[in-house]
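What follows is a single structure, written as C-alpha cells, with notes after it.
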Amino acid sequence: MDSMCRFGKYRVEREVLDEQRLEEITKRKPCSDAQPSLTEWLKDSLRCTVPKLKRSVVSSLPVLTWLPKYSVWEYGMPDLIAGISVGILHLPQSMAYALLASLPPVFGLYTSFYPVLIYFFFGTSRHISIGTFTVLSIMMGSVTERLAPDMDFLKMNGTNVTAEVNTAARDSYRVQVAAATTVLGGLIQVVLGLVKFGFVGTYLSEPLVRAYTTAAAVHAVVAQLKNIFGISPRRFSGPLSLLYTLKDVCSLLHHTHLSTLVVSAVSMVFLIMGKEFNSFLSPKLPIPIPVDLITIVTATLISKYAQLNNNYTVSVVGEIPSGLRSPSVPDVSLFGEVIGDAFAMAIVGYAICISLGKTFALKHGYKVDSNQELVALGLSNTVGGFFQCFSVCSSMSRSLVHETTGGKTQVAAVVSSLIVLVAILKLGPLFQELPKAVLGAIVFVNLKGMFKQYYDIVTLWRSSKIDLVLWLVTWVSTLLLNLDLGLAASVTFALVTVIFRTQMPTYSVLGNVPGTELYVDIEKHREVREIPGITIFRSSATLYFANAELYLEALKEKSGLDISKMLIYKRRLEAKQKRRERRAERRAKRQAKRETQALRAAAQLSGPPVLSVEEEVSSWKGTCIDRNVPDQEGQDWSERENGTVFVIPTTLRKPDDNCRWEYLKSGDPDCTSLGWISELQDEDSTTLDSSSEDTLSHDLERVSLGSLGKWTWDIHSIILDLSTANFIDIVGLKTMKNIFHDFSEIDVDIYIAGCQATVVEQLELGGFFSQTITKRHLFASVHDAVLYCLDHRGATLTPRYEPSLALNGSTKL
C-alpha cells in the first residue's frame, strides 16, 4: 500500500494500515506462540527457585512486606490511639451483635479477638476493622434459630411440659451450629482465594450491596423488638419469615414489659444525643467519645445497684465466663445442613470487606489484593470457628473510627484485640447485670447509617433507572425471601440486567469530526460529517450469541439496506427469469420442430434436403465443418442437445469450399444469444426470425439488484467498528461471515476496524479468514478504513469527500 495517501487537496504522509500490514510492521507473534503450552505452564508452575519461593511467601504473608519497615516514631502513636478507640467500640458492638446471632454475648467478645489477630498476618488492607457485623450476625441468627429453636429445648417436668427453656443446652447447641457454619464458610473463602476467584465479589455491585444491607437492617430491627419490648415472639424461618415474625410481635404488643421498654427508650435517647454531640464536636476532638461504652457502663451500674432484674424482672445478659476457651473441632455432621448459609455468608462478608478495603486503599494510595483478601478472611473465619467464633467481616463504623483517628496499619487492630482480651479475662463478669434492652438499643441506633441508604432511591432515580430497579428488587427479595434466598435472587437479577444491557446495546452510525481522526455518533453530535458512500457502524457492546441477531437487524436499519428483502427479491426474480427461459426454450423447440417438418415437406417438393445434424452428422462431419467454429475440445457433435437445426445450401459446394451453416436454435444456457446467424453463401437459405417471441429479450445472465430498479442506494462500503468488543464467540463469528457474504451480493464492501488483538486471534482460530475475507479487510482504526474506502471506491461511485486528515500536523495543502 502506498506510503502516502492523497485525497483531493489533502495529503497524508503516513501509510494506511490494515491488519496484515500492521502485523508485518509490529512482528506480532502467531496465536500458537502468544501463550505457553500446557506442558510449559506446568513446568513453570512446578519449578521452584529462591526468588519464586520468596515471592510466594511474601504474597501469602503480606505482613512481611510492611512490618519490617514499620516506623514506631511515625506510626506508633497514631496506631495506638486508633487501636484504643476501635477496641472500646468493639466491646459494646460485639456483645450486641452476639444477641443478633442468638448467641451468648461472650462469644461476641471471642469473635472480636481471634479473627482480628489472624487478619493481621494475612490481610492486605491497612484500615479495615475485622470483627462482628450486623448483616452477618443476622444471617447467623437465622441459622442458629432454625436449627436450634426454643421449642426443641423445653424442660420436661414428669409428664408435663413447662414453658421454661433449657437455655444452657440451647445455647451450647447454637454455639456448635455457629462454629460449624463459620468454619465451612471460611474454608469456602480460602478455596475461592487459592483458585484466584476473587472477582466473584464484583458480581455484587454497589447498589446490590447497599440495598441488601438496608434490608438486613430491617431484619435486625425486627429481631431486636423482643429485647426492646420485653416480649417473646416466635422465630420463623424461610420465605416471608420477616412478615410472620412482625405479625407475631404486633399480636404481643399488649404484653409489653413496661420496665424493659423504659430502659430501651432511655438508652436510645442517651445514645442518639451522645452521637449527635459527637458528630458536632468531631472536627475538634482527636478521638470520638465512646458513647456506646459509656452507655453500657452506666446501664450496668444502674442495673446492678437498682436490682432491675430482681425488682422489675428486666432481662439481663447473665453469666459471662472469664478466660479463653480451648479450641474444639466443630461438628462436621452439621456441614450438610448449613452449606447454603455458609456460602451466602462467605460471599456477603467478602463483598463488604473488599469494598471497604478498596475504598480506603484508593484514598491512601496502596493496593488491596482481592484474592489474598479472600484467603485472609477465610483463615480468620476458619481459625475463629475452632474457638467458637461466628462469621466476621469488616465493620464500616469501626473502620471509619480506625481511619479518622489516624490509624496507619493493622497494628491498631492488634491494640484493639488486646483491649478485648482484657475484657474477656477480667471485665467479663462486670457486665453480667447489663440489660439486654440496652444492647438492643445500641443495635437500633447503630443502624442509623444503613437506614440513610434509603436516599439511594432518589439518587438512582436521577442517575440510572436500571440500578434503581436492581436496588428495589434486592431490597424486596431480601425482605420477603430472607437473607440467603434474597441474596441468590438479587445476584440472579443482577446478572439478568447485565445480559439485558449487553443484549440491548446502543447502535450508532459514526461521522467524522472536522480537523481530527475522531468519529462520533452523528445523532448525538451536530458538528460532524457523514462520509458519502460509507456507513460506519458501531455497537456499544461486544458481539456474542445473545445480541448477534439484533446486531444484524440494527445494521440493516442504520444502513438503510434491508438486505433480507433485497436478497429474497433477487432470488425470486432469478427464479422467475429461469422459468421464462425454460418456457421460451420449450416454445423454441416446438417451433423448430414445426419448421423442420415444413422444410422437409418443402424439400420433397423442390429437391433440396434439410438435414438434422443429429441424423446426418456422419455424412458431413468431415467435410462441412466451419473452420471458424472451434471444436470444443474434441466433443462429439452427437452429444449436443437435440433441437439444433442447420440448413444446407441448395447448391453443393466443392470439396475444398468452406461449408456455411445457419445456426437456428440452441438450448445451451451458456450461449450469449439464443439467435446466432451464420453467413450463407447462397441467398435462398431459410432463417429464423431473431426477434420472435421464442427468444428472450435479454441474454440469461446473473441478475443484479441495480439492474432491477427496485432499490437504489449510494452506499458502497460499510465499516464495522469493533473497538468495543473484547471477545467474539462462534455465533458472532458466523454472523460476521454472513454480513460479508450477504452485502457482497449487492456490491457493498464490508470492512472491520479497531479489533483488539484477542478478537483477531479468535477470528483466526474460528476460521473466519478465507480467500474472499482476508486481513486486508481489517484496519487498525476507523480512519484507516475510511481512507482505504475513499481511495478504492469513493472516486468512482460517489462525489469526492476528503475527511479531515490532520495527522500530527502532517496534512498539507
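If you're wondering about the labels, chains in the C-alpha cells are A, B, ... by order shown, residues count from 1 in each chain, ligands from 1 in order shown.
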Mind dumping a table of every range 39-84 of chain A residue within 12 Å of range 350-371 of chain A, with the nearest atom pair and its distance in Å to one decimal, using only C-alpha atoms, sorted by chain and rising number, as a Markdown table?
```
| residue | atom | partner | partner_atom | distance |
| --- | --- | --- | --- | --- |
| A:Ser59 | CA | A:Asp369 | CA | 9.3 |
| A:Ser60 | CA | A:Asn371 | CA | 10.3 |
| A:Leu61 | CA | A:Asp369 | CA | 11.9 |
| A:Pro62 | CA | A:Asp369 | CA | 9.8 |
| A:Trp66 | CA | A:Tyr366 | CA | 11.5 |
```
(message) I want to know what sits within 9 Å of range 346-349 of chain A, based on only C-alpha atoms, with residues of the same chain fewer than 5 positions away left out; could you give that as number ranges by chain?
(response) A: 133, 135-136, 182, 184-186, 188-189, 200-201, 204, 209, 341, 354, 377-378, 391-394, 487
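Excluding Val116 in chain A and any residue on its chain fewer than 4 positions from it, the residues at most 9 Å away by only C-alpha atoms are Thr111, Ser112, Phe120, Ser129, Ile130, Gly131, Ser380, Ala413, Val414, Ser416 and Ser417 of chain A.
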Grab the residues selected above and save them as a PDB file, in the first residue's frame with all heavy atoms.
```pdb
ATOM      1  N   THR A 111     -15.268 -13.375  69.143  1.00  0.00           N
ATOM      2  CA  THR A 111     -15.249 -13.078  67.701  1.00  0.00           C
ATOM      3  C   THR A 111     -14.471 -11.802  67.401  1.00  0.00           C
ATOM      4  O   THR A 111     -13.946 -11.641  66.294  1.00  0.00           O
ATOM      5  CB  THR A 111     -16.697 -12.964  67.187  1.00  0.00           C
ATOM      6  OG1 THR A 111     -17.410 -14.154  67.516  1.00  0.00           O
ATOM      7  CG2 THR A 111     -16.741 -12.756  65.691  1.00  0.00           C
ATOM      8  N   SER A 112     -14.380 -10.921  68.373  1.00  0.00           N
ATOM      9  CA  SER A 112     -13.622  -9.683  68.167  1.00  0.00           C
ATOM     10  C   SER A 112     -12.164  -9.819  68.554  1.00  0.00           C
ATOM     11  O   SER A 112     -11.426  -8.835  68.480  1.00  0.00           O
ATOM     12  CB  SER A 112     -14.251  -8.542  68.987  1.00  0.00           C
ATOM     13  OG  SER A 112     -15.570  -8.282  68.558  1.00  0.00           O
ATOM     14  N   PHE A 120      -4.377  -9.829  60.842  1.00  0.00           N
ATOM     15  CA  PHE A 120      -3.162  -9.023  60.955  1.00  0.00           C
ATOM     16  C   PHE A 120      -2.028  -9.620  60.117  1.00  0.00           C
ATOM     17  O   PHE A 120      -1.259  -8.893  59.491  1.00  0.00           O
ATOM     18  CB  PHE A 120      -2.753  -8.932  62.426  1.00  0.00           C
ATOM     19  CG  PHE A 120      -1.388  -8.337  62.644  1.00  0.00           C
ATOM     20  CD1 PHE A 120      -1.202  -6.970  62.613  1.00  0.00           C
ATOM     21  CD2 PHE A 120      -0.284  -9.157  62.881  1.00  0.00           C
ATOM     22  CE1 PHE A 120       0.057  -6.418  62.820  1.00  0.00           C
ATOM     23  CE2 PHE A 120       0.964  -8.618  63.085  1.00  0.00           C
ATOM     24  CZ  PHE A 120       1.144  -7.244  63.056  1.00  0.00           C
ATOM     25  N   SER A 129     -11.512  -2.785  59.920  1.00  0.00           N
ATOM     26  CA  SER A 129     -11.575  -3.401  61.243  1.00  0.00           C
ATOM     27  C   SER A 129     -12.388  -4.681  61.144  1.00  0.00           C
ATOM     28  O   SER A 129     -13.599  -4.641  60.895  1.00  0.00           O
ATOM     29  CB  SER A 129     -12.213  -2.436  62.248  1.00  0.00           C
ATOM     30  OG  SER A 129     -12.384  -3.058  63.506  1.00  0.00           O
ATOM     31  N   ILE A 130     -11.720  -5.816  61.320  1.00  0.00           N
ATOM     32  CA  ILE A 130     -12.374  -7.122  61.241  1.00  0.00           C
ATOM     33  C   ILE A 130     -13.059  -7.427  62.573  1.00  0.00           C
ATOM     34  O   ILE A 130     -12.533  -7.122  63.645  1.00  0.00           O
ATOM     35  CB  ILE A 130     -11.346  -8.215  60.905  1.00  0.00           C
ATOM     36  CG1 ILE A 130     -10.762  -7.965  59.513  1.00  0.00           C
ATOM     37  CG2 ILE A 130     -11.962  -9.598  60.964  1.00  0.00           C
ATOM     38  CD1 ILE A 130     -11.781  -8.078  58.406  1.00  0.00           C
ATOM     39  N   GLY A 131     -14.231  -8.040  62.488  1.00  0.00           N
ATOM     40  CA  GLY A 131     -14.952  -8.433  63.693  1.00  0.00           C
ATOM     41  C   GLY A 131     -16.415  -8.651  63.395  1.00  0.00           C
ATOM     42  O   GLY A 131     -16.795  -9.006  62.268  1.00  0.00           O
ATOM     43  N   SER A 380      -9.387 -16.210  58.823  1.00  0.00           N
ATOM     44  CA  SER A 380      -9.923 -15.606  60.043  1.00  0.00           C
ATOM     45  C   SER A 380     -11.168 -16.343  60.508  1.00  0.00           C
ATOM     46  O   SER A 380     -11.342 -16.621  61.706  1.00  0.00           O
ATOM     47  CB  SER A 380     -10.239 -14.129  59.799  1.00  0.00           C
ATOM     48  OG  SER A 380      -9.081 -13.411  59.433  1.00  0.00           O
ATOM     49  N   ALA A 413      -5.233  -2.708  64.920  1.00  0.00           N
ATOM     50  CA  ALA A 413      -6.135  -3.839  65.145  1.00  0.00           C
ATOM     51  C   ALA A 413      -5.613  -4.732  66.262  1.00  0.00           C
ATOM     52  O   ALA A 413      -6.392  -5.269  67.061  1.00  0.00           O
ATOM     53  CB  ALA A 413      -6.302  -4.633  63.855  1.00  0.00           C
ATOM     54  N   VAL A 414      -4.282  -4.901  66.343  1.00  0.00           N
ATOM     55  CA  VAL A 414      -3.701  -5.696  67.427  1.00  0.00           C
ATOM     56  C   VAL A 414      -3.962  -5.022  68.772  1.00  0.00           C
ATOM     57  O   VAL A 414      -4.307  -5.683  69.760  1.00  0.00           O
ATOM     58  CB  VAL A 414      -2.190  -5.896  67.191  1.00  0.00           C
ATOM     59  CG1 VAL A 414      -1.569  -6.626  68.366  1.00  0.00           C
ATOM     60  CG2 VAL A 414      -1.955  -6.660  65.892  1.00  0.00           C
ATOM     61  N   SER A 416      -6.494  -3.069  69.491  1.00  0.00           N
ATOM     62  CA  SER A 416      -7.912  -3.242  69.815  1.00  0.00           C
ATOM     63  C   SER A 416      -8.204  -4.648  70.307  1.00  0.00           C
ATOM     64  O   SER A 416      -9.019  -4.839  71.223  1.00  0.00           O
ATOM     65  CB  SER A 416      -8.763  -2.925  68.587  1.00  0.00           C
ATOM     66  OG  SER A 416      -8.563  -3.892  67.556  1.00  0.00           O
ATOM     67  N   SER A 417      -7.540  -5.650  69.736  1.00  0.00           N
ATOM     68  CA  SER A 417      -7.761  -7.030  70.187  1.00  0.00           C
ATOM     69  C   SER A 417      -7.227  -7.224  71.610  1.00  0.00           C
ATOM     70  O   SER A 417      -7.787  -8.018  72.381  1.00  0.00           O
ATOM     71  CB  SER A 417      -7.093  -8.012  69.215  1.00  0.00           C
ATOM     72  OG  SER A 417      -5.682  -7.845  69.222  1.00  0.00           O
TER      73      SER A 417
END
```
(request) For Glu403 in chain A, please output as number ranges by chain all residues within 9 Å (counting only C-alpha atoms; exclusion window: fewer than 4 positions along the same chain). (result) A: 82, 127-128, 360, 398-399, 407-408
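For the residues A:Glu337, A:Glu517, A:Asp784, A:Asp791, ranking by smallest atom-to-atom distance to Glu19 in chain A using only C-alpha atoms places A:Asp784 first.
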(message) Restricting the calculation to only C-alpha atoms: of A:Thr213, A:Ser237, A:Thr134, A:Ser125, which residue gets closest to Thr474 in chain A?
(response)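 Closest residue, counting only C-alpha atoms: A:Thr213.
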(request) Rank nothing, just name the residue among A:Thr132, A:Lys570, A:Lys593, A:Thr542 nearest to Val759 in chain A, using only C-alpha atoms. (result) A:Thr542
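Among the residues of range 146-304 of chain A, backbone DSSP assigns strand (DSSP E) to Leu154, Lys155, Met156, Asn157, Asn160, Val161, Thr162, Ala163, Glu164 and Val165 of chain A.
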(request) Write out as an MDAnalysis selection string all residues of range 125-224 of chain A that DSSP puts in helix (DSSP H, G or I) for this structure's backbone. (result) chainID A and resid 134:147 150:153 167:194 198:203 206:224
Using only C-alpha atoms, determine which residues lie at most 10 Å from Val222 in chain A, disregarding the query and same-chain residues fewer than 3 positions distant; provide the list as a PDB file with N, CA, C and O atoms, in the first residue's frame.
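As written to disk, out11.pdb reads:
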```pdb
ATOM      1  N   ALA A 216     -31.257  -5.886  55.342  1.00  0.00           N
ATOM      2  CA  ALA A 216     -30.780  -6.608  56.523  1.00  0.00           C
ATOM      3  C   ALA A 216     -30.978  -5.785  57.788  1.00  0.00           C
ATOM      4  O   ALA A 216     -31.218  -6.341  58.872  1.00  0.00           O
ATOM      5  N   ALA A 217     -30.892  -4.455  57.666  1.00  0.00           N
ATOM      6  CA  ALA A 217     -31.148  -3.600  58.822  1.00  0.00           C
ATOM      7  C   ALA A 217     -32.582  -3.749  59.308  1.00  0.00           C
ATOM      8  O   ALA A 217     -32.849  -3.703  60.523  1.00  0.00           O
ATOM      9  N   VAL A 218     -33.506  -3.937  58.371  1.00  0.00           N
ATOM     10  CA  VAL A 218     -34.900  -4.167  58.769  1.00  0.00           C
ATOM     11  C   VAL A 218     -35.016  -5.479  59.531  1.00  0.00           C
ATOM     12  O   VAL A 218     -35.726  -5.574  60.549  1.00  0.00           O
ATOM     13  N   HIS A 219     -34.313  -6.516  59.050  1.00  0.00           N
ATOM     14  CA  HIS A 219     -34.298  -7.790  59.769  1.00  0.00           C
ATOM     15  C   HIS A 219     -33.723  -7.606  61.176  1.00  0.00           C
ATOM     16  O   HIS A 219     -34.218  -8.211  62.145  1.00  0.00           O
ATOM     17  N   LEU A 225     -36.788  -6.402  68.405  1.00  0.00           N
ATOM     18  CA  LEU A 225     -38.022  -5.919  69.013  1.00  0.00           C
ATOM     19  C   LEU A 225     -38.355  -6.679  70.301  1.00  0.00           C
ATOM     20  O   LEU A 225     -38.931  -6.100  71.229  1.00  0.00           O
ATOM     21  N   LYS A 226     -37.958  -7.944  70.341  1.00  0.00           N
ATOM     22  CA  LYS A 226     -38.247  -8.717  71.554  1.00  0.00           C
ATOM     23  C   LYS A 226     -37.466  -8.173  72.750  1.00  0.00           C
ATOM     24  O   LYS A 226     -37.958  -8.180  73.888  1.00  0.00           O
ATOM     25  N   ASN A 227     -36.224  -7.694  72.513  1.00  0.00           N
ATOM     26  CA  ASN A 227     -35.446  -7.115  73.607  1.00  0.00           C
ATOM     27  C   ASN A 227     -35.902  -5.701  73.953  1.00  0.00           C
ATOM     28  O   ASN A 227     -35.765  -5.265  75.096  1.00  0.00           O
ATOM     29  N   ILE A 228     -36.427  -5.001  72.951  1.00  0.00           N
ATOM     30  CA  ILE A 228     -36.884  -3.631  73.200  1.00  0.00           C
ATOM     31  C   ILE A 228     -38.182  -3.625  74.012  1.00  0.00           C
ATOM     32  O   ILE A 228     -38.333  -2.857  74.972  1.00  0.00           O
ATOM     33  N   LEU A 242     -39.994 -12.799  57.868  1.00  0.00           N
ATOM     34  CA  LEU A 242     -39.997 -11.471  58.469  1.00  0.00           C
ATOM     35  C   LEU A 242     -41.426 -10.987  58.719  1.00  0.00           C
ATOM     36  O   LEU A 242     -41.730 -10.422  59.785  1.00  0.00           O
ATOM     37  N   LEU A 243     -42.311 -11.224  57.762  1.00  0.00           N
ATOM     38  CA  LEU A 243     -43.694 -10.793  57.921  1.00  0.00           C
ATOM     39  C   LEU A 243     -44.389 -11.581  59.029  1.00  0.00           C
ATOM     40  O   LEU A 243     -45.162 -11.004  59.818  1.00  0.00           O
ATOM     41  N   THR A 245     -42.925 -12.969  61.621  1.00  0.00           N
ATOM     42  CA  THR A 245     -42.380 -12.511  62.913  1.00  0.00           C
ATOM     43  C   THR A 245     -42.965 -11.163  63.297  1.00  0.00           C
ATOM     44  O   THR A 245     -43.332 -10.932  64.469  1.00  0.00           O
ATOM     45  N   LEU A 246     -43.039 -10.253  62.330  1.00  0.00           N
ATOM     46  CA  LEU A 246     -43.597  -8.936  62.611  1.00  0.00           C
ATOM     47  C   LEU A 246     -45.063  -9.035  63.032  1.00  0.00           C
ATOM     48  O   LEU A 246     -45.524  -8.323  63.939  1.00  0.00           O
ATOM     49  N   VAL A 249     -45.101 -10.239  66.587  1.00  0.00           N
ATOM     50  CA  VAL A 249     -44.713  -9.160  67.502  1.00  0.00           C
ATOM     51  C   VAL A 249     -45.883  -8.214  67.740  1.00  0.00           C
ATOM     52  O   VAL A 249     -46.155  -7.797  68.879  1.00  0.00           O
ATOM     53  N   PHE A 444     -30.137  -0.714  67.486  1.00  0.00           N
ATOM     54  CA  PHE A 444     -31.075   0.198  66.834  1.00  0.00           C
ATOM     55  C   PHE A 444     -30.369   1.466  66.361  1.00  0.00           C
ATOM     56  O   PHE A 444     -30.483   1.867  65.197  1.00  0.00           O
TER      57      PHE A 444
END
```
(request) Between A:Val458, A:Ala548, A:Val383, A:Ile752, single out the one closest to Tyr114 in chain A, counting only C-alpha atoms. (result) A:Val383
(message) Give me, as number ranges by chain, all polymer residues having an atom no more than 7 Å from range 476-486 of chain A, counting only C-alpha atoms and skipping those fewer than 6 positions away in the same chain.
(response) A: 139, 212, 215, 238-242, 341, 344
(request) Using only C-alpha atoms, pick whichever of A:Leu434, A:Ala541, A:Val420, A:Cys389 has the shortest atom-to-atom distance to Ser303 in chain A. (result) A:Leu434
(message) Residues near Ser322 in chain A, anyone? I mean within 8 Å using only C-alpha atoms, not counting same-chain ones fewer than 4 positions away, as a ChimeraX atom specification.
(response) /A:424-429
(request) Figure out the distance between CA of His525 in chain A and CA of Ile466 in chain A, please, to one decimal in Å. (result)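 Computed distance, CA of Ile466 in chain A to CA of His525 in chain A, equals 25.3 Å.
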